[in-house]
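Structure data follow from input12.txt (compact mmCIF, N, CA, C and O atoms):
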# COMPACT_ATOMS: atom_id res chain seq x y z
N MET A 1 67.27 12.36 -16.59
CA MET A 1 67.14 10.99 -17.03
C MET A 1 66.60 10.98 -18.45
O MET A 1 65.62 11.64 -18.75
N THR A 2 67.23 10.23 -19.31
CA THR A 2 66.76 10.09 -20.68
C THR A 2 65.72 8.99 -20.75
O THR A 2 65.92 7.91 -20.19
N ILE A 3 64.63 9.26 -21.42
CA ILE A 3 63.56 8.27 -21.56
C ILE A 3 63.62 7.66 -22.95
O ILE A 3 63.58 8.37 -23.95
N ASP A 4 63.76 6.35 -23.00
CA ASP A 4 63.68 5.62 -24.26
C ASP A 4 62.19 5.43 -24.52
O ASP A 4 61.51 4.72 -23.78
N HIS A 5 61.68 6.06 -25.55
CA HIS A 5 60.24 6.05 -25.80
C HIS A 5 59.71 4.73 -26.31
O HIS A 5 58.54 4.62 -26.63
N GLU A 6 60.54 3.72 -26.37
CA GLU A 6 60.07 2.40 -26.78
C GLU A 6 60.40 1.33 -25.76
O GLU A 6 60.09 0.17 -25.98
N GLU A 7 61.02 1.68 -24.65
CA GLU A 7 61.46 0.68 -23.69
C GLU A 7 60.32 -0.11 -23.06
O GLU A 7 60.52 -1.24 -22.61
N LEU A 8 59.13 0.44 -23.00
CA LEU A 8 57.99 -0.23 -22.37
C LEU A 8 56.90 -0.59 -23.37
O LEU A 8 55.81 -1.01 -22.97
N THR A 9 57.18 -0.44 -24.65
CA THR A 9 56.20 -0.74 -25.69
C THR A 9 55.74 -2.19 -25.57
O THR A 9 56.54 -3.09 -25.38
N GLY A 10 54.44 -2.37 -25.64
CA GLY A 10 53.87 -3.70 -25.56
C GLY A 10 53.34 -4.05 -24.18
O GLY A 10 52.55 -4.96 -24.04
N LEU A 11 53.78 -3.33 -23.15
CA LEU A 11 53.26 -3.58 -21.81
C LEU A 11 51.90 -2.92 -21.64
O LEU A 11 51.69 -1.79 -22.08
N ARG A 12 51.00 -3.62 -20.99
CA ARG A 12 49.69 -3.09 -20.64
C ARG A 12 49.70 -2.87 -19.13
O ARG A 12 49.83 -3.81 -18.36
N VAL A 13 49.59 -1.60 -18.74
CA VAL A 13 49.79 -1.21 -17.34
C VAL A 13 48.51 -0.60 -16.78
O VAL A 13 47.91 0.27 -17.40
N LEU A 14 48.12 -1.06 -15.59
CA LEU A 14 47.00 -0.47 -14.88
C LEU A 14 47.54 0.18 -13.62
O LEU A 14 48.20 -0.47 -12.81
N VAL A 15 47.28 1.49 -13.47
CA VAL A 15 47.72 2.24 -12.29
C VAL A 15 46.48 2.71 -11.54
O VAL A 15 45.67 3.47 -12.09
N THR A 16 46.33 2.25 -10.30
CA THR A 16 45.21 2.72 -9.49
C THR A 16 45.64 3.98 -8.75
O THR A 16 46.82 4.22 -8.54
N GLY A 17 44.67 4.80 -8.37
CA GLY A 17 44.97 6.04 -7.67
C GLY A 17 45.79 6.99 -8.53
O GLY A 17 46.65 7.71 -8.03
N ALA A 18 45.51 7.02 -9.82
CA ALA A 18 46.34 7.77 -10.76
C ALA A 18 45.79 9.15 -11.12
O ALA A 18 46.22 9.74 -12.10
N SER A 19 44.89 9.69 -10.33
CA SER A 19 44.35 11.01 -10.66
C SER A 19 45.25 12.15 -10.19
O SER A 19 45.12 13.28 -10.66
N ARG A 20 46.20 11.84 -9.29
CA ARG A 20 47.12 12.88 -8.80
C ARG A 20 48.30 12.23 -8.11
O ARG A 20 48.35 11.02 -7.92
N GLY A 21 49.27 13.04 -7.74
CA GLY A 21 50.40 12.60 -6.94
C GLY A 21 51.24 11.50 -7.57
O GLY A 21 51.51 11.50 -8.77
N LEU A 22 51.66 10.56 -6.73
CA LEU A 22 52.54 9.48 -7.16
C LEU A 22 51.91 8.61 -8.24
O LEU A 22 52.57 8.19 -9.19
N GLY A 23 50.61 8.33 -8.13
CA GLY A 23 49.93 7.53 -9.15
C GLY A 23 49.95 8.20 -10.51
O GLY A 23 50.21 7.56 -11.53
N LEU A 24 49.71 9.50 -10.54
CA LEU A 24 49.73 10.25 -11.79
C LEU A 24 51.14 10.26 -12.38
O LEU A 24 51.32 10.03 -13.58
N ALA A 25 52.15 10.50 -11.54
CA ALA A 25 53.54 10.50 -12.02
C ALA A 25 53.93 9.12 -12.56
O ALA A 25 54.61 9.02 -13.59
N THR A 26 53.48 8.06 -11.92
CA THR A 26 53.78 6.70 -12.37
C THR A 26 53.12 6.45 -13.72
O THR A 26 53.76 5.91 -14.64
N ALA A 27 51.87 6.83 -13.87
CA ALA A 27 51.16 6.65 -15.14
C ALA A 27 51.85 7.43 -16.26
O ALA A 27 52.02 6.92 -17.38
N ARG A 28 52.26 8.64 -15.96
CA ARG A 28 52.96 9.46 -16.97
C ARG A 28 54.27 8.79 -17.41
O ARG A 28 54.61 8.79 -18.58
N ARG A 29 55.00 8.22 -16.47
CA ARG A 29 56.29 7.60 -16.80
C ARG A 29 56.08 6.36 -17.67
O ARG A 29 56.80 6.14 -18.64
N PHE A 30 55.11 5.53 -17.35
CA PHE A 30 54.82 4.36 -18.18
C PHE A 30 54.39 4.79 -19.58
O PHE A 30 54.81 4.21 -20.58
N ALA A 31 53.54 5.81 -19.66
CA ALA A 31 53.09 6.30 -20.96
C ALA A 31 54.27 6.85 -21.77
O ALA A 31 54.38 6.60 -22.98
N ALA A 32 55.17 7.59 -21.12
CA ALA A 32 56.33 8.14 -21.81
C ALA A 32 57.25 7.04 -22.34
O ALA A 32 57.93 7.22 -23.34
N GLY A 33 57.24 5.89 -21.67
CA GLY A 33 58.05 4.76 -22.11
C GLY A 33 57.40 3.90 -23.16
O GLY A 33 57.97 2.90 -23.59
N GLY A 34 56.19 4.26 -23.59
CA GLY A 34 55.54 3.56 -24.68
C GLY A 34 54.52 2.51 -24.27
O GLY A 34 53.95 1.84 -25.12
N ALA A 35 54.26 2.36 -22.97
CA ALA A 35 53.28 1.37 -22.52
C ALA A 35 51.86 1.82 -22.84
O ALA A 35 51.58 3.02 -22.97
N THR A 36 50.96 0.87 -22.94
CA THR A 36 49.53 1.15 -22.99
C THR A 36 49.09 1.29 -21.54
O THR A 36 49.21 0.35 -20.76
N VAL A 37 48.62 2.47 -21.18
CA VAL A 37 48.33 2.77 -19.78
C VAL A 37 46.83 2.92 -19.56
O VAL A 37 46.15 3.62 -20.30
N LEU A 38 46.35 2.25 -18.52
CA LEU A 38 44.99 2.43 -18.03
C LEU A 38 45.11 2.98 -16.62
O LEU A 38 45.99 2.56 -15.86
N THR A 39 44.27 3.94 -16.29
CA THR A 39 44.26 4.49 -14.94
C THR A 39 42.90 4.24 -14.31
O THR A 39 41.89 4.17 -15.01
N ALA A 40 42.91 4.08 -13.00
CA ALA A 40 41.67 3.85 -12.28
C ALA A 40 41.68 4.67 -11.00
O ALA A 40 42.67 4.67 -10.26
N SER A 41 40.61 5.39 -10.78
CA SER A 41 40.43 6.16 -9.55
C SER A 41 38.98 6.64 -9.52
O SER A 41 38.23 6.42 -10.48
N ARG A 42 38.62 7.27 -8.43
CA ARG A 42 37.26 7.79 -8.34
C ARG A 42 37.10 9.09 -9.12
O ARG A 42 36.00 9.45 -9.50
N THR A 43 38.22 9.81 -9.33
CA THR A 43 38.17 11.04 -10.12
C THR A 43 39.12 10.92 -11.31
O THR A 43 40.15 10.23 -11.23
N ALA A 44 38.80 11.60 -12.38
CA ALA A 44 39.58 11.50 -13.62
C ALA A 44 40.93 12.20 -13.48
O ALA A 44 41.03 13.24 -12.82
N PRO A 45 41.96 11.64 -14.11
CA PRO A 45 43.26 12.33 -14.15
C PRO A 45 43.20 13.50 -15.13
O PRO A 45 42.22 13.64 -15.88
N PRO A 46 44.24 14.32 -15.18
CA PRO A 46 44.25 15.44 -16.13
C PRO A 46 44.09 14.94 -17.57
O PRO A 46 44.55 13.86 -17.92
N ASP A 47 43.45 15.74 -18.40
CA ASP A 47 43.17 15.37 -19.79
C ASP A 47 44.41 15.09 -20.61
O ASP A 47 44.37 14.31 -21.54
N GLU A 48 45.53 15.73 -20.28
CA GLU A 48 46.73 15.57 -21.11
C GLU A 48 47.41 14.21 -20.91
O GLU A 48 48.32 13.86 -21.65
N LEU A 49 47.00 13.44 -19.92
CA LEU A 49 47.60 12.12 -19.68
C LEU A 49 47.20 11.16 -20.80
O LEU A 49 46.02 10.98 -21.08
N ALA A 50 48.20 10.55 -21.43
CA ALA A 50 47.95 9.60 -22.53
C ALA A 50 47.61 8.24 -21.94
O ALA A 50 48.44 7.34 -21.86
N ALA A 51 46.37 8.11 -21.47
CA ALA A 51 45.93 6.88 -20.82
C ALA A 51 44.42 6.73 -20.97
O ALA A 51 43.71 7.71 -21.22
N THR A 52 43.95 5.52 -20.81
CA THR A 52 42.52 5.24 -20.78
C THR A 52 42.08 5.29 -19.32
O THR A 52 42.64 4.58 -18.48
N PHE A 53 41.11 6.13 -19.02
CA PHE A 53 40.61 6.27 -17.66
C PHE A 53 39.42 5.34 -17.44
O PHE A 53 38.48 5.31 -18.24
N ILE A 54 39.47 4.57 -16.35
CA ILE A 54 38.36 3.72 -15.94
C ILE A 54 37.92 4.19 -14.56
O ILE A 54 38.68 4.02 -13.59
N PRO A 55 36.75 4.80 -14.44
CA PRO A 55 36.29 5.20 -13.11
C PRO A 55 36.13 3.96 -12.23
O PRO A 55 35.57 2.96 -12.67
N ALA A 56 36.65 4.02 -11.02
CA ALA A 56 36.60 2.85 -10.15
C ALA A 56 36.60 3.26 -8.69
O ALA A 56 37.26 4.22 -8.30
N ASP A 57 35.87 2.51 -7.91
CA ASP A 57 35.86 2.66 -6.46
C ASP A 57 36.31 1.32 -5.89
O ASP A 57 35.59 0.33 -5.94
N LEU A 58 37.53 1.28 -5.38
CA LEU A 58 38.13 0.02 -4.95
C LEU A 58 37.92 -0.29 -3.47
O LEU A 58 38.61 -1.12 -2.91
N ARG A 59 36.93 0.34 -2.88
CA ARG A 59 36.65 0.07 -1.47
C ARG A 59 35.84 -1.20 -1.27
O ARG A 59 35.60 -1.59 -0.14
N SER A 60 35.45 -1.86 -2.35
CA SER A 60 34.70 -3.11 -2.22
C SER A 60 35.22 -4.15 -3.20
O SER A 60 35.84 -3.80 -4.21
N ALA A 61 34.97 -5.41 -2.90
CA ALA A 61 35.36 -6.49 -3.80
C ALA A 61 34.64 -6.35 -5.14
O ALA A 61 35.21 -6.63 -6.19
N GLU A 62 33.41 -5.89 -5.11
CA GLU A 62 32.65 -5.71 -6.35
C GLU A 62 33.29 -4.64 -7.23
O GLU A 62 33.37 -4.79 -8.44
N GLY A 63 33.73 -3.54 -6.61
CA GLY A 63 34.39 -2.48 -7.37
C GLY A 63 35.69 -2.96 -8.00
O GLY A 63 36.00 -2.64 -9.14
N ALA A 64 36.45 -3.76 -7.26
CA ALA A 64 37.71 -4.31 -7.79
C ALA A 64 37.43 -5.29 -8.92
O ALA A 64 38.13 -5.29 -9.94
N ALA A 65 36.42 -6.13 -8.76
CA ALA A 65 36.08 -7.09 -9.81
C ALA A 65 35.63 -6.37 -11.08
O ALA A 65 36.01 -6.77 -12.20
N GLU A 66 34.85 -5.32 -10.92
CA GLU A 66 34.40 -4.55 -12.08
C GLU A 66 35.59 -3.88 -12.77
O GLU A 66 35.67 -3.86 -14.00
N LEU A 67 36.52 -3.36 -12.00
CA LEU A 67 37.72 -2.77 -12.59
C LEU A 67 38.51 -3.83 -13.37
O LEU A 67 38.93 -3.58 -14.49
N GLY A 68 38.68 -4.99 -12.79
CA GLY A 68 39.39 -6.07 -13.49
C GLY A 68 38.73 -6.44 -14.79
O GLY A 68 39.39 -6.56 -15.83
N ARG A 69 37.41 -6.58 -14.77
CA ARG A 69 36.66 -6.92 -15.98
C ARG A 69 36.83 -5.84 -17.04
O ARG A 69 37.13 -6.14 -18.20
N ARG A 70 36.68 -4.59 -16.65
CA ARG A 70 36.78 -3.49 -17.62
C ARG A 70 38.20 -3.30 -18.14
O ARG A 70 38.40 -2.98 -19.30
N ALA A 71 39.20 -3.52 -17.30
CA ALA A 71 40.60 -3.38 -17.74
C ALA A 71 40.95 -4.46 -18.75
O ALA A 71 41.56 -4.17 -19.78
N VAL A 72 40.56 -5.69 -18.47
CA VAL A 72 40.84 -6.79 -19.41
C VAL A 72 40.07 -6.57 -20.71
O VAL A 72 40.61 -6.77 -21.80
N GLU A 73 38.84 -6.11 -20.60
CA GLU A 73 38.03 -5.83 -21.79
C GLU A 73 38.66 -4.71 -22.63
O GLU A 73 38.70 -4.79 -23.85
N SER A 74 39.18 -3.70 -21.98
CA SER A 74 39.73 -2.54 -22.67
C SER A 74 41.10 -2.81 -23.30
O SER A 74 41.36 -2.39 -24.42
N ALA A 75 41.98 -3.52 -22.58
CA ALA A 75 43.35 -3.70 -23.05
C ALA A 75 43.68 -5.13 -23.45
O ALA A 75 44.77 -5.40 -23.93
N GLY A 76 42.75 -6.06 -23.24
CA GLY A 76 43.01 -7.45 -23.58
C GLY A 76 43.82 -8.19 -22.52
O GLY A 76 44.20 -9.33 -22.70
N GLY A 77 44.07 -7.56 -21.40
CA GLY A 77 44.85 -8.13 -20.31
C GLY A 77 45.68 -7.06 -19.65
O GLY A 77 45.77 -5.94 -20.13
N ILE A 78 46.30 -7.40 -18.53
CA ILE A 78 47.15 -6.48 -17.80
C ILE A 78 48.47 -7.18 -17.52
O ILE A 78 48.49 -8.29 -16.99
N ASP A 79 49.58 -6.52 -17.87
CA ASP A 79 50.91 -7.07 -17.61
C ASP A 79 51.49 -6.55 -16.30
O ASP A 79 52.23 -7.26 -15.62
N VAL A 80 51.16 -5.29 -15.97
CA VAL A 80 51.70 -4.66 -14.76
C VAL A 80 50.56 -3.98 -14.02
O VAL A 80 49.81 -3.21 -14.61
N LEU A 81 50.45 -4.26 -12.71
CA LEU A 81 49.48 -3.58 -11.86
C LEU A 81 50.24 -2.77 -10.84
O LEU A 81 51.05 -3.30 -10.08
N VAL A 82 50.01 -1.45 -10.84
CA VAL A 82 50.58 -0.57 -9.83
C VAL A 82 49.43 -0.16 -8.92
O VAL A 82 48.58 0.66 -9.30
N ASP A 83 49.37 -0.77 -7.73
CA ASP A 83 48.28 -0.52 -6.79
C ASP A 83 48.67 0.66 -5.91
O ASP A 83 49.31 0.52 -4.88
N ASN A 84 48.25 1.85 -6.34
CA ASN A 84 48.60 3.08 -5.65
C ASN A 84 47.40 3.70 -4.93
O ASN A 84 47.54 4.71 -4.28
N ALA A 85 46.23 3.09 -5.04
CA ALA A 85 45.04 3.62 -4.38
C ALA A 85 45.19 3.46 -2.87
O ALA A 85 45.66 2.43 -2.39
N GLY A 86 44.80 4.48 -2.15
CA GLY A 86 44.88 4.40 -0.69
C GLY A 86 43.89 3.39 -0.15
O GLY A 86 42.71 3.44 -0.50
N PRO A 87 44.32 2.45 0.68
CA PRO A 87 43.41 1.43 1.20
C PRO A 87 42.50 1.98 2.28
O PRO A 87 42.86 2.93 2.98
N SER A 88 41.35 1.38 2.42
CA SER A 88 40.50 1.70 3.55
C SER A 88 41.13 1.07 4.78
O SER A 88 41.70 -0.02 4.69
N PRO A 89 41.05 1.70 5.93
CA PRO A 89 41.69 1.16 7.13
C PRO A 89 41.22 -0.27 7.43
O PRO A 89 40.03 -0.56 7.41
N GLY A 90 42.17 -1.15 7.69
CA GLY A 90 41.84 -2.52 8.08
C GLY A 90 41.36 -3.43 6.97
O GLY A 90 40.93 -4.54 7.24
N ARG A 91 41.44 -3.01 5.71
CA ARG A 91 40.93 -3.84 4.61
C ARG A 91 42.06 -4.21 3.67
O ARG A 91 42.93 -3.40 3.38
N ARG A 92 42.03 -5.44 3.19
CA ARG A 92 42.99 -5.90 2.19
C ARG A 92 42.39 -5.69 0.81
O ARG A 92 41.19 -5.68 0.64
N ARG A 93 43.25 -5.56 -0.17
CA ARG A 93 42.80 -5.46 -1.54
C ARG A 93 42.18 -6.78 -1.98
O ARG A 93 42.74 -7.84 -1.66
N PRO A 94 41.08 -6.76 -2.71
CA PRO A 94 40.46 -8.01 -3.17
C PRO A 94 41.38 -8.85 -4.04
O PRO A 94 41.22 -10.05 -4.11
N TRP A 95 42.38 -8.25 -4.70
CA TRP A 95 43.25 -9.04 -5.56
C TRP A 95 44.54 -9.44 -4.85
O TRP A 95 45.42 -10.02 -5.45
N SER A 96 44.66 -9.15 -3.56
CA SER A 96 45.91 -9.44 -2.86
C SER A 96 45.91 -10.83 -2.23
O SER A 96 46.48 -11.04 -1.19
N VAL A 97 45.24 -11.75 -2.86
CA VAL A 97 45.20 -13.12 -2.37
C VAL A 97 46.19 -13.96 -3.16
O VAL A 97 46.09 -14.06 -4.38
N PRO A 98 47.20 -14.55 -2.51
CA PRO A 98 48.18 -15.33 -3.27
C PRO A 98 47.56 -16.60 -3.84
O PRO A 98 46.70 -17.21 -3.23
N THR A 99 47.99 -16.95 -5.03
CA THR A 99 47.55 -18.20 -5.65
C THR A 99 48.59 -19.26 -5.34
O THR A 99 49.62 -18.99 -4.73
N ARG A 100 48.38 -20.47 -5.79
CA ARG A 100 49.35 -21.53 -5.51
C ARG A 100 50.68 -21.26 -6.20
O ARG A 100 51.69 -21.82 -5.83
N HIS A 101 50.70 -20.38 -7.21
CA HIS A 101 51.93 -20.02 -7.88
C HIS A 101 52.58 -18.78 -7.27
O HIS A 101 53.63 -18.35 -7.71
N GLY A 102 51.91 -18.19 -6.28
CA GLY A 102 52.47 -17.03 -5.61
C GLY A 102 52.15 -15.70 -6.25
O GLY A 102 52.59 -14.67 -5.79
N TRP A 103 51.38 -15.68 -7.33
CA TRP A 103 51.06 -14.42 -8.00
C TRP A 103 49.69 -13.97 -7.57
O TRP A 103 48.77 -14.77 -7.42
N PRO A 104 49.49 -12.65 -7.39
CA PRO A 104 48.14 -12.16 -7.07
C PRO A 104 47.23 -12.32 -8.28
O PRO A 104 47.68 -12.42 -9.41
N THR A 105 45.95 -12.37 -8.01
CA THR A 105 44.99 -12.58 -9.08
C THR A 105 43.71 -11.82 -8.77
O THR A 105 43.40 -11.56 -7.62
N TRP A 106 42.95 -11.49 -9.79
CA TRP A 106 41.61 -10.92 -9.58
C TRP A 106 40.74 -12.06 -9.07
O TRP A 106 40.85 -13.18 -9.51
N ARG A 107 39.87 -11.80 -8.14
CA ARG A 107 38.96 -12.86 -7.71
C ARG A 107 37.54 -12.36 -7.76
O ARG A 107 37.26 -11.23 -7.85
Using C-alpha cells, write down the structure that the file contains.
Amino acid sequence: MTIDHEELTGLRVLVTGASRGLGLATARRFAAGGATVLTASRTAPPDELAATFIPADLRSAEGAAELGRRAVESAGGIDVLVDNAGPSPGRRRPWSVPTRHGWPTWR
C-alpha cells in the first residue's frame, strides 16, 4: 500500500492503548499520513513513534477527564479519537455518552 504522506495533514488524532499492538500500529499509520498524533496509555510507546505521549489511566472518569484536558491543551483539540484501550469488565467509557447531536463527548 502506498502512503500519501499528506493525506491526513491537519488532523489531530488521539489513540488510546497505543503502547503496543493494534493501537501502536494505528498511531504509526496516522503519523505516516501526516496527522498530529497523541497517544495515551499507562506505559509509553516506543521512542521512534512520531507522537506526543500522554500517560493516562482510563479506568476512571477522572482519568478520562484528565486525558481530555491534556489532549486539548496539547493539540488545541481532537478531530479523531481511536479508543483502543482495553475496557475494565462491566464499565463504559466516560466519553461514550451520546449527546443530543449523537456525537460522543468528554464529560
Best match for closeness to Thr43 in chain A among A:Leu58, A:Ser19, A:Asn84, A:Glu6, counting only C-alpha atoms: A:Ser19
For Arg29 in chain A, which of A:Val72, A:Leu81, A:Ala56, A:Leu8 is the closest residue, counting only N, CA, C and O atoms?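 Between A:Val72, A:Leu81, A:Ala56, A:Leu8, the residue approaching Arg29 in chain A most closely is A:Leu8.
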For CA of Arg70 in chain A and CA of Glu7 in chain A, the interatomic separation in Å (one decimal): 25.8 Å
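Here atom C of Ala25 in chain A is placed at a distance of 16.0 Å from atom N of Arg42 in chain A.
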For a test of reading the model, state the distance in Å between CA of Ala27 in chain A and CA of Thr39 in chain A, rounded to one decimal. 7.2 Å
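Counting only C-alpha atoms, the residue from A:Ala51, A:Leu14, A:Ala44, A:Val80 that sits nearest to Ala32 in chain A is A:Ala51.
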So, with all atoms listed in the file as the atoms that count, which of A:Leu11, A:Ala85, A:Ile78, A:Ser60 lies closest to Ser41 in chain A?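 Nearest to Ser41 in chain A: A:Ala85.
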Out of A:Asp83, A:Gly77, A:Leu49, A:Ala71, which residue has the shortest atom-to-atom distance to Ala31 in chain A when counting only N, CA, C and O atoms?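 Closest residue, counting only N, CA, C and O atoms: A:Leu49.
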So, with only C-alpha atoms as the atoms that count, which of A:Arg20, A:Ala75, A:Glu62, A:Pro55 lies closest to Val37 in chain A?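 Between A:Arg20, A:Ala75, A:Glu62, A:Pro55, the residue approaching Val37 in chain A most closely is A:Ala75.
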Among range 9-87 of chain A, which ones does DSSP place in strand (DSSP E or B), written as a list in words? Arg12, Val13, Leu14, Val15, Thr16, Thr36, Val37, Leu38, Thr39, Ala40, Ser41, Thr52, Phe53, Ile54, Pro55, Val80, Leu81 and Val82 of chain A
Give me, as a compact mmCIF listing (two decimals) with N, CA, C and O atoms, keeping the file's coordinate frame, all polymer residues having an atom no more than 7 Å from Arg28 in chain A, counting all atoms listed in the file and skipping those fewer than 6 positions away in the same chain.
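As a result, result.txt now contains:
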# COMPACT_ATOMS: atom_id res chain seq x y z
N LEU A 22 51.66 10.56 -6.73
CA LEU A 22 52.54 9.48 -7.16
C LEU A 22 51.91 8.61 -8.24
O LEU A 22 52.57 8.19 -9.19
N GLY A 34 56.19 4.26 -23.59
CA GLY A 34 55.54 3.56 -24.68
C GLY A 34 54.52 2.51 -24.27
O GLY A 34 53.95 1.84 -25.12
N LEU A 49 47.00 13.44 -19.92
CA LEU A 49 47.60 12.12 -19.68
C LEU A 49 47.20 11.16 -20.80
O LEU A 49 46.02 10.98 -21.08
N ALA A 50 48.20 10.55 -21.43
CA ALA A 50 47.95 9.60 -22.53
C ALA A 50 47.61 8.24 -21.94
O ALA A 50 48.44 7.34 -21.86
In range 24-81 of chain A, what's helix (DSSP H, G or I) per DSSP? Answer as a VMD selection string? chain A and resid 24 to 32 61 to 75
As a compact mmCIF listing (two decimals), in the coordinates of the input, the rebuilt range 11-19 of chain A with all heavy atoms:
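Produced file out17.txt, reproduced below:
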# COMPACT_ATOMS: atom_id res chain seq x y z
N LEU A 11 53.78 -3.33 -23.15
CA LEU A 11 53.26 -3.58 -21.81
C LEU A 11 51.90 -2.92 -21.64
O LEU A 11 51.69 -1.79 -22.08
CB LEU A 11 54.21 -3.03 -20.74
CG LEU A 11 55.46 -3.81 -20.45
CD1 LEU A 11 56.28 -3.12 -19.36
CD2 LEU A 11 55.15 -5.24 -20.04
N ARG A 12 51.00 -3.62 -20.99
CA ARG A 12 49.69 -3.09 -20.64
C ARG A 12 49.70 -2.87 -19.13
O ARG A 12 49.83 -3.81 -18.36
CB ARG A 12 48.60 -4.06 -21.03
CG ARG A 12 48.58 -4.31 -22.54
CD ARG A 12 47.82 -5.55 -22.90
NE ARG A 12 48.47 -6.71 -22.29
CZ ARG A 12 48.05 -7.96 -22.42
NH1 ARG A 12 46.96 -8.23 -23.10
NH2 ARG A 12 48.68 -8.96 -21.84
N VAL A 13 49.59 -1.60 -18.74
CA VAL A 13 49.79 -1.21 -17.34
C VAL A 13 48.51 -0.60 -16.78
O VAL A 13 47.91 0.27 -17.40
CB VAL A 13 50.94 -0.18 -17.24
CG1 VAL A 13 51.15 0.25 -15.80
CG2 VAL A 13 52.22 -0.74 -17.84
N LEU A 14 48.12 -1.06 -15.59
CA LEU A 14 47.00 -0.47 -14.88
C LEU A 14 47.54 0.18 -13.62
O LEU A 14 48.20 -0.47 -12.81
CB LEU A 14 45.97 -1.54 -14.51
CG LEU A 14 44.82 -1.11 -13.60
CD1 LEU A 14 44.00 0.01 -14.21
CD2 LEU A 14 43.95 -2.31 -13.25
N VAL A 15 47.28 1.49 -13.47
CA VAL A 15 47.72 2.24 -12.29
C VAL A 15 46.48 2.71 -11.54
O VAL A 15 45.67 3.47 -12.09
CB VAL A 15 48.59 3.46 -12.68
CG1 VAL A 15 49.08 4.19 -11.43
CG2 VAL A 15 49.77 3.04 -13.54
N THR A 16 46.33 2.25 -10.30
CA THR A 16 45.21 2.72 -9.49
C THR A 16 45.64 3.98 -8.75
O THR A 16 46.82 4.22 -8.54
CB THR A 16 44.74 1.65 -8.48
OG1 THR A 16 45.78 1.42 -7.53
CG2 THR A 16 44.37 0.36 -9.19
N GLY A 17 44.67 4.80 -8.37
CA GLY A 17 44.97 6.04 -7.67
C GLY A 17 45.79 6.99 -8.53
O GLY A 17 46.65 7.71 -8.03
N ALA A 18 45.51 7.02 -9.82
CA ALA A 18 46.34 7.77 -10.76
C ALA A 18 45.79 9.15 -11.12
O ALA A 18 46.22 9.74 -12.10
CB ALA A 18 46.53 6.95 -12.04
N SER A 19 44.89 9.69 -10.33
CA SER A 19 44.35 11.01 -10.66
C SER A 19 45.25 12.15 -10.19
O SER A 19 45.12 13.28 -10.66
CB SER A 19 42.94 11.17 -10.08
OG SER A 19 42.98 11.08 -8.67
